[in-house]
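Report on the following structure.
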Amino acid sequence: MPPDRPGLEERRFRSLVQHASDIIMIVGAEGSIRYVSPSVQRVLGHQAQALEGRAFADLLHPEDQEWAVPFLAGPAQSCRQLPPVAWRLRRVDGSWLHGETVGSNLLDDPAVAGLVLATRDVSERKTLEERLAHHAFHDGLTGLANRQQFQERVQAALLDPRRRASGLAVLFLDLDDFKTVNDSLGHSAGDELLIHVAHRLKSCLRAHDLPARIGGDEFAVLLDGVGSQEEVEAVAVRIVSVLDEPHTVQGSEVLARASIGIAVPEVDEHDVDALLRNADTSMYTVKRAGKASYTFFERTMHERVMQQLQLDAELRHAVDRNEFVVRYQPIMQLESETIVGAEALLRWQHPTRGLLGPGEFIDRVEENGLIVPIGRWVLEQACRQLRHWDAGHERIGMSVNISARQLQSETFLTDVRRGADAAGIDPRRLTLEITETALMQDTDATMDLLGQLKLLGVRLALDDFGTGYSSLSYLRRFPVDVVKIDRVFVEDVGGGSEESALPDAIIALCQAFRIETVAEGIELRRQLDHLQAVGCHAGQGFYFSRPLDAEAFERLLSKRSWSSDLGNVPMKSTPRRGAGM
Ligand code: C2E
Ligand code: MG
Ligand code: MG
């Protein structure tokens with residue numbers, strides 16, 4: 001009996017082909033399907049017989065036909081093993097299967113006479129890859145483009161002369177006070193708010209503009225085909241106005257206003273990073289100027305921001321190197337013209353620029369948060385100084401200026417208690433000077449804190465009264481002991497003009513509320529005379545003394561009542577260094 005090996009081999013081969021999950025196909029040199037395995041029915045839905053004799057190209061996606069047809073007619077026929085290819089094949093329902101095909105050229109094998117193509121369905125993997133790609137280029141929370149995609153798309157736009165000619169602009173948006181929402185309502189509320197913002201942002205844009213979320217509460221937009229600055233501005237105005245409406249998040253009404261910086265590429269500008277930096281810089285400028293608005297980038301902004309960053313760095317060093325010092329300005333009882341207190345005023349002994357007043361740096365340290373440790377140090381320093389002066393002098397009070405940022409810090413109450421305790425002074429001798437603007441923020445929490453401070457015994461002064469919101473309701477609402485009448489009002493008193501009617505009215509009102517008044521910036525005898533006449537309780541100013549270092553102040557204390565030859569000594573030019581923070 002002749003061995004039936006070939007028959008067995010052939011049966012095995014057939015069975016393998018028929019049961020394979022891949023589609024096995026033989027395509028002739030002219031491109032028609034000569035054979036296709038039955039698996040094609042399961043994978044593509046077509047009957048095998050229906051396909052045989054038809055052009056393989058008919059199964060291919062039109063885009064793939066463009067390269068695959070010449071490939072199969074040419075290169076594929078001149079090699080033995082075909083390189084693996086990926087293409088899309090038409091399912092019977094018209095949808096597309098992503099196939100990956102390996103093949104052999106058996107054209108010169110008379111038993112086959114064709115290209116043998118084995119195609120595997122990789123649709124699932126493809127979908128996963130697409131999902132991963134989407135993930136890599138989109139923000140998971142809002143579905144907007146992410147930073148990576150945004151950068152690439154801006155880069156592509158910058159390199160395309162047609163799009164450049166039609167006008168491009170980049171907007172950077174940063175939500176104002178988003179941290180407050182996150183801190184007070186929780187992260188899930190914060191997330192929800194970001195989704196709301198993304199929706200509103202999209203509602204302001206055209207389909208071909210690209211909105212992106214590029215960081216925590218930072219968004220960006222690429223505007224394409226914006227012919228003029230006015231067009232860009234119109235979009236910014238629209239965004240500002242839709243974000244002006246509060247959102248309802250988990251039952252609470254919250255605001256998510258934004259500061260918007262705009263950068264338009266210059267003619268020769270191709271650097272995507274520089275463009276984004278410019279948008280960021282102008283956004284930062286809006287933030288500093290009061291938020292909830294927009295501005296276009298200008299060259300000078302960059303310099304200014306660099307200066308601020310430089311100042312921030314210097315200030316951090318100043319904290320580490322104890323470069324701060326405190327000056328003390330006497331507060332006089334007006335009737336007796338004797339010293340009843342001191343106001344602690346912060347100075348920075350700058351290594352090269354000399355002694356700097358708070359006007360040069362207080363805004364920065366409030367913004368960057370350094371005011372919290374610095375303010376704590378001032379408080380400790382002032383308490384210790386007060387204790388020191390007690391020896392040999394009549395007891396006076398100490399006033400310390402407090403920023404909004406300090407009131408919001410969790411440790412503030414403890415800081416005050418510790419400052420007084422460590423120095424061994426009665427908290428009732430301490431007056432905290434707070435501006436109306438600081439009280440405006442977060443009223444409930446502030447009210448609570450002020451109540452606690454009152455329990456501790458410290459006195460509260462409303463500083464710069466009349467320059468802020470000047471709401472008389474503050475006098476009722478907050479437990480204020482002292483009102484400090486701002487210098488601008490004191491300037492005109494006693495000059496016989498109408499202007500002094502205002503400070504007079506404030507003083508009268510405070511008397512009715514049993515609130516003490518302290519006039520700031522008394523420089524002239526006539527001002528003092530008038531204030532004494534209307535019953536202002538206390539005052540400070542250059543007429544009595546400039547802010548002094550501790551020793552000079554002590555000399556003044558020894559004298560106790562004011563006399564011009566002692567009090568008006570100008571500030572010493574080489575002040576003592578601060579004693580650690
Ligand atoms: P302020 O609390 O209203 O302090 C009074 C300011 O008026 C001081 O300016 C003082 O030097 C100045 N002054 C006093 N008498 C006269 C006068 O007769 N004429 C004129 N023209 N000015 C007078 P300074 O020291 O430059 O402080 C400015 C502001 O900086 C303070 O205003 C206060 O708001 C803030 N500040 C000062 N020290 C601190 C601090 O330790 N912490 C905080 N958070 N703020 C501080
Ligand atoms: Mg003050
Ligand atoms: Mg003041």
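Quick note on naming: the chains in the structure tokens go A, B, ... in the order shown, residues restart at 1 in each chain, and ligands are numbered from 1 in order of appearance.
Using only C-alpha atoms, the protein and nucleic acid residues lying no more than 9 Å from range 435-439 of chain A, apart from those fewer than 6 places from it along its own chain, are Asn401, Ile402, Ser403, Ala404, Arg405, Leu407, Thr446, Met447, Ala461, Leu462, Asp463, Asp464, Phe465, Gly466, Thr467, Gly468, Tyr469, Ser470, Ser471, Tyr474 and Phe478 of chain A.
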May I have the residues from that selection written out with N, CA and C atoms, as a PDB file, in the first residue's frame?
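The new file selection.pdb reads:
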```pdb
ATOM      1  N   ASN A 401      -0.054  95.342  62.381  1.00  0.00           N
ATOM      2  CA  ASN A 401      -0.856  95.242  61.161  1.00  0.00           C
ATOM      3  C   ASN A 401      -0.997  93.790  60.726  1.00  0.00           C
ATOM      4  N   ILE A 402      -2.210  93.440  60.323  1.00  0.00           N
ATOM      5  CA  ILE A 402      -2.485  92.055  59.933  1.00  0.00           C
ATOM      6  C   ILE A 402      -3.097  92.044  58.525  1.00  0.00           C
ATOM      7  N   SER A 403      -2.560  91.181  57.676  1.00  0.00           N
ATOM      8  CA  SER A 403      -3.087  91.053  56.314  1.00  0.00           C
ATOM      9  C   SER A 403      -4.195  90.021  56.233  1.00  0.00           C
ATOM     10  N   ALA A 404      -4.994  90.150  55.190  1.00  0.00           N
ATOM     11  CA  ALA A 404      -6.082  89.186  54.950  1.00  0.00           C
ATOM     12  C   ALA A 404      -5.549  87.759  54.937  1.00  0.00           C
ATOM     13  N   ARG A 405      -4.435  87.609  54.274  1.00  0.00           N
ATOM     14  CA  ARG A 405      -3.833  86.280  54.135  1.00  0.00           C
ATOM     15  C   ARG A 405      -3.539  85.652  55.497  1.00  0.00           C
ATOM     16  N   LEU A 407      -5.213  86.299  58.282  1.00  0.00           N
ATOM     17  CA  LEU A 407      -6.493  85.932  58.897  1.00  0.00           C
ATOM     18  C   LEU A 407      -6.972  84.595  58.371  1.00  0.00           C
ATOM     19  N   THR A 446     -14.357  84.687  58.964  1.00  0.00           N
ATOM     20  CA  THR A 446     -13.723  85.853  59.584  1.00  0.00           C
ATOM     21  C   THR A 446     -14.447  86.234  60.874  1.00  0.00           C
ATOM     22  N   MET A 447     -15.768  86.233  60.815  1.00  0.00           N
ATOM     23  CA  MET A 447     -16.562  86.572  62.000  1.00  0.00           C
ATOM     24  C   MET A 447     -16.190  85.658  63.159  1.00  0.00           C
ATOM     25  N   ALA A 461      -8.633  96.841  65.529  1.00  0.00           N
ATOM     26  CA  ALA A 461      -8.725  98.178  64.944  1.00  0.00           C
ATOM     27  C   ALA A 461      -9.035  98.055  63.456  1.00  0.00           C
ATOM     28  N   LEU A 462      -9.904  98.934  62.970  1.00  0.00           N
ATOM     29  CA  LEU A 462     -10.182  98.993  61.545  1.00  0.00           C
ATOM     30  C   LEU A 462      -9.217 100.023  60.961  1.00  0.00           C
ATOM     31  N   ASP A 463      -8.254  99.527  60.162  1.00  0.00           N
ATOM     32  CA  ASP A 463      -7.179 100.392  59.660  1.00  0.00           C
ATOM     33  C   ASP A 463      -7.616 101.115  58.384  1.00  0.00           C
ATOM     34  N   ASP A 464      -6.983 102.242  58.118  1.00  0.00           N
ATOM     35  CA  ASP A 464      -7.233 103.001  56.884  1.00  0.00           C
ATOM     36  C   ASP A 464      -8.717 103.274  56.673  1.00  0.00           C
ATOM     37  N   PHE A 465      -9.431 103.563  57.734  1.00  0.00           N
ATOM     38  CA  PHE A 465     -10.873 103.731  57.613  1.00  0.00           C
ATOM     39  C   PHE A 465     -11.207 104.859  56.640  1.00  0.00           C
ATOM     40  N   GLY A 466     -12.143 104.575  55.761  1.00  0.00           N
ATOM     41  CA  GLY A 466     -12.557 105.584  54.793  1.00  0.00           C
ATOM     42  C   GLY A 466     -11.971 105.388  53.416  1.00  0.00           C
ATOM     43  N   THR A 467     -10.959 104.534  53.291  1.00  0.00           N
ATOM     44  CA  THR A 467     -10.346 104.363  51.976  1.00  0.00           C
ATOM     45  C   THR A 467     -10.871 103.121  51.267  1.00  0.00           C
ATOM     46  N   GLY A 468     -11.490 102.227  52.002  1.00  0.00           N
ATOM     47  CA  GLY A 468     -11.942 100.971  51.392  1.00  0.00           C
ATOM     48  C   GLY A 468     -13.396 101.076  51.013  1.00  0.00           C
ATOM     49  N   TYR A 469     -14.193 100.174  51.510  1.00  0.00           N
ATOM     50  CA  TYR A 469     -15.600 100.162  51.167  1.00  0.00           C
ATOM     51  C   TYR A 469     -16.372 101.148  52.042  1.00  0.00           C
ATOM     52  N   SER A 470     -15.681 101.598  53.092  1.00  0.00           N
ATOM     53  CA  SER A 470     -16.233 102.625  53.966  1.00  0.00           C
ATOM     54  C   SER A 470     -17.651 102.315  54.390  1.00  0.00           C
ATOM     55  N   SER A 471     -17.892 101.049  54.594  1.00  0.00           N
ATOM     56  CA  SER A 471     -19.236 100.692  54.961  1.00  0.00           C
ATOM     57  C   SER A 471     -19.376 100.836  56.468  1.00  0.00           C
ATOM     58  N   TYR A 474     -19.838  97.900  58.890  1.00  0.00           N
ATOM     59  CA  TYR A 474     -18.760  97.135  59.512  1.00  0.00           C
ATOM     60  C   TYR A 474     -18.629  97.457  60.987  1.00  0.00           C
ATOM     61  N   PHE A 478     -18.816  93.985  62.988  1.00  0.00           N
ATOM     62  CA  PHE A 478     -17.589  93.403  63.535  1.00  0.00           C
ATOM     63  C   PHE A 478     -17.285  93.997  64.899  1.00  0.00           C
TER      64      PHE A 478
END
```
Step by step, measure atom-to-atom distances between ligand 1 and each residue using only C-alpha atoms and all ligand atoms, keep those at most 6 Å, then write them as a list in words. Leu345, Leu346, Gly357, Pro358, Gly359, Gly375, Val378, Asn401, Ile402, Ser403, Asp464, Gly521, Ile522, Glu523, Gln540, Gly541, Phe542 and Pro547 of chain A
Per DSSP on the backbone, what are the alpha helix (DSSP H) residues of range 391-551 of chain A, as an NGL selection string? :A and (404-408 or 412-423 or 436-440 or 443-456 or 473-477 or 487-490 or 501-512 or 525-533 or 550-551)
If you run DSSP on this backbone, which residues of range 316-520 of chain A come out as strand (DSSP E or B), and could you give them as a ChimeraX atom specification? /A:324-333,338-350,354-356,397-402,430-435,459-465,482-485,516-519
When you look at Arg395 in chain A with a cut-off of 10 Å (counting only C-alpha atoms), what residues show up, excluding the ones that are within fewer than 4 positions of it in the same chain? I need them as a list of chain:residue names. A:Ile339, A:Val340, A:Gly341, A:Leu386, A:Arg387, A:Trp389, A:Asp390, A:Ala391, A:Arg429, A:Leu557
Contacts of range 249-265 of chain A at 7 Å or less, counting only C-alpha atoms, minus same-chain residues fewer than 3 places along, as a PDB file with N, CA and C atoms, in the first residue's frame?
```
ATOM      1  N   LEU A 168      -4.006  83.797  13.942  1.00  0.00           N
ATOM      2  CA  LEU A 168      -4.018  82.866  15.064  1.00  0.00           C
ATOM      3  C   LEU A 168      -3.944  83.653  16.368  1.00  0.00           C
ATOM      4  N   ALA A 169      -4.492  83.072  17.409  1.00  0.00           N
ATOM      5  CA  ALA A 169      -4.307  83.658  18.742  1.00  0.00           C
ATOM      6  C   ALA A 169      -4.411  82.558  19.782  1.00  0.00           C
ATOM      7  N   VAL A 170      -3.671  82.733  20.854  1.00  0.00           N
ATOM      8  CA  VAL A 170      -3.729  81.775  21.959  1.00  0.00           C
ATOM      9  C   VAL A 170      -4.229  82.499  23.208  1.00  0.00           C
ATOM     10  N   LEU A 171      -5.228  81.884  23.861  1.00  0.00           N
ATOM     11  CA  LEU A 171      -5.773  82.454  25.107  1.00  0.00           C
ATOM     12  C   LEU A 171      -5.394  81.531  26.260  1.00  0.00           C
ATOM     13  N   PHE A 172      -4.947  82.093  27.331  1.00  0.00           N
ATOM     14  CA  PHE A 172      -4.697  81.331  28.560  1.00  0.00           C
ATOM     15  C   PHE A 172      -5.694  81.789  29.605  1.00  0.00           C
ATOM     16  N   LEU A 173      -6.379  80.824  30.226  1.00  0.00           N
ATOM     17  CA  LEU A 173      -7.368  81.189  31.247  1.00  0.00           C
ATOM     18  C   LEU A 173      -6.989  80.525  32.556  1.00  0.00           C
ATOM     19  N   ASP A 174      -7.072  81.273  33.609  1.00  0.00           N
ATOM     20  CA  ASP A 174      -6.861  80.682  34.932  1.00  0.00           C
ATOM     21  C   ASP A 174      -8.042  81.105  35.796  1.00  0.00           C
ATOM     22  N   LEU A 175      -8.665  80.128  36.435  1.00  0.00           N
ATOM     23  CA  LEU A 175      -9.831  80.474  37.249  1.00  0.00           C
ATOM     24  C   LEU A 175      -9.387  81.266  38.471  1.00  0.00           C
ATOM     25  N   ASP A 176     -10.196  82.246  38.821  1.00  0.00           N
ATOM     26  CA  ASP A 176      -9.872  83.062  39.987  1.00  0.00           C
ATOM     27  C   ASP A 176     -10.380  82.354  41.239  1.00  0.00           C
ATOM     28  N   PHE A 178     -10.048  79.465  42.507  1.00  0.00           N
ATOM     29  CA  PHE A 178     -10.574  78.095  42.416  1.00  0.00           C
ATOM     30  C   PHE A 178     -10.243  77.291  43.676  1.00  0.00           C
ATOM     31  N   ALA A 189     -16.590  68.586  44.165  1.00  0.00           N
ATOM     32  CA  ALA A 189     -17.268  69.809  43.729  1.00  0.00           C
ATOM     33  C   ALA A 189     -16.352  70.594  42.795  1.00  0.00           C
ATOM     34  N   GLU A 192     -16.472  69.018  39.449  1.00  0.00           N
ATOM     35  CA  GLU A 192     -17.733  69.332  38.771  1.00  0.00           C
ATOM     36  C   GLU A 192     -17.686  70.736  38.184  1.00  0.00           C
ATOM     37  N   LEU A 193     -17.128  71.637  38.963  1.00  0.00           N
ATOM     38  CA  LEU A 193     -17.038  73.030  38.501  1.00  0.00           C
ATOM     39  C   LEU A 193     -16.177  73.129  37.234  1.00  0.00           C
ATOM     40  N   VAL A 240     -15.406  85.963  29.351  1.00  0.00           N
ATOM     41  CA  VAL A 240     -15.514  86.643  30.651  1.00  0.00           C
ATOM     42  C   VAL A 240     -16.980  86.751  31.059  1.00  0.00           C
ATOM     43  N   LEU A 243     -18.652  83.428  32.092  1.00  0.00           N
ATOM     44  CA  LEU A 243     -18.137  82.944  33.373  1.00  0.00           C
ATOM     45  C   LEU A 243     -18.525  83.863  34.529  1.00  0.00           C
ATOM     46  N   ASP A 244     -19.209  84.927  34.179  1.00  0.00           N
ATOM     47  CA  ASP A 244     -19.639  85.862  35.215  1.00  0.00           C
ATOM     48  C   ASP A 244     -20.882  85.338  35.947  1.00  0.00           C
ATOM     49  N   PRO A 246     -22.932  82.663  38.069  1.00  0.00           N
ATOM     50  CA  PRO A 246     -22.540  81.599  39.002  1.00  0.00           C
ATOM     51  C   PRO A 246     -22.962  80.206  38.505  1.00  0.00           C
ATOM     52  N   GLU A 269       7.521  84.621  14.509  1.00  0.00           N
ATOM     53  CA  GLU A 269       7.478  83.807  15.725  1.00  0.00           C
ATOM     54  C   GLU A 269       7.075  82.375  15.396  1.00  0.00           C
ATOM     55  N   LEU A 275       5.344  81.512  22.634  1.00  0.00           N
ATOM     56  CA  LEU A 275       3.980  82.024  22.466  1.00  0.00           C
ATOM     57  C   LEU A 275       3.125  81.708  23.691  1.00  0.00           C
ATOM     58  N   ASN A 278       4.084  83.824  26.600  1.00  0.00           N
ATOM     59  CA  ASN A 278       3.543  85.181  26.496  1.00  0.00           C
ATOM     60  C   ASN A 278       2.084  85.228  26.951  1.00  0.00           C
ATOM     61  N   ALA A 279       1.313  84.216  26.531  1.00  0.00           N
ATOM     62  CA  ALA A 279      -0.094  84.175  26.943  1.00  0.00           C
ATOM     63  C   ALA A 279      -0.170  84.032  28.465  1.00  0.00           C
ATOM     64  N   ASP A 280       0.708  83.200  29.014  1.00  0.00           N
ATOM     65  CA  ASP A 280       0.756  82.968  30.456  1.00  0.00           C
ATOM     66  C   ASP A 280       1.119  84.259  31.199  1.00  0.00           C
ATOM     67  N   SER A 282       0.687  87.345  30.206  1.00  0.00           N
ATOM     68  CA  SER A 282      -0.373  88.358  30.203  1.00  0.00           C
ATOM     69  C   SER A 282      -1.515  87.926  31.122  1.00  0.00           C
ATOM     70  N   MET A 283      -1.738  86.604  31.236  1.00  0.00           N
ATOM     71  CA  MET A 283      -2.751  86.115  32.169  1.00  0.00           C
ATOM     72  C   MET A 283      -2.373  86.489  33.611  1.00  0.00           C
ATOM     73  N   VAL A 286      -3.101  90.019  34.350  1.00  0.00           N
ATOM     74  CA  VAL A 286      -4.527  90.254  34.646  1.00  0.00           C
ATOM     75  C   VAL A 286      -4.813  89.891  36.105  1.00  0.00           C
ATOM     76  N   LYS A 287      -4.256  88.759  36.535  1.00  0.00           N
ATOM     77  CA  LYS A 287      -4.451  88.315  37.913  1.00  0.00           C
ATOM     78  C   LYS A 287      -4.012  89.390  38.894  1.00  0.00           C
ATOM     79  N   LYS A 291      -7.987  90.545  38.406  1.00  0.00           N
ATOM     80  CA  LYS A 291      -8.709  89.345  37.966  1.00  0.00           C
ATOM     81  C   LYS A 291      -9.959  89.618  37.114  1.00  0.00           C
ATOM     82  N   ALA A 292     -10.621  88.498  36.727  1.00  0.00           N
ATOM     83  CA  ALA A 292     -11.874  88.504  35.959  1.00  0.00           C
ATOM     84  C   ALA A 292     -11.841  89.443  34.768  1.00  0.00           C
ATOM     85  N   SER A 293     -10.778  89.383  34.002  1.00  0.00           N
ATOM     86  CA  SER A 293     -10.688  90.233  32.828  1.00  0.00           C
ATOM     87  C   SER A 293      -9.719  89.594  31.842  1.00  0.00           C
ATOM     88  N   TYR A 294      -9.330  90.346  30.812  1.00  0.00           N
ATOM     89  CA  TYR A 294      -8.404  89.801  29.824  1.00  0.00           C
ATOM     90  C   TYR A 294      -7.440  90.894  29.401  1.00  0.00           C
ATOM     91  N   THR A 295      -6.308  90.486  28.850  1.00  0.00           N
ATOM     92  CA  THR A 295      -5.415  91.483  28.278  1.00  0.00           C
ATOM     93  C   THR A 295      -4.535  90.838  27.222  1.00  0.00           C
ATOM     94  N   PHE A 296      -4.072  91.652  26.268  1.00  0.00           N
ATOM     95  CA  PHE A 296      -3.156  91.169  25.246  1.00  0.00           C
ATOM     96  C   PHE A 296      -1.724  91.286  25.752  1.00  0.00           C
ATOM     97  N   PHE A 297      -0.883  90.370  25.292  1.00  0.00           N
ATOM     98  CA  PHE A 297       0.513  90.401  25.711  1.00  0.00           C
ATOM     99  C   PHE A 297       1.236  91.627  25.152  1.00  0.00           C
TER     100      PHE A 297
END
```
I'd like to know which of A:Ala342, A:Asp504, A:Arg514, A:Thr414 is closest to ligand 2, using only C-alpha atoms and all ligand atoms. A:Ala342
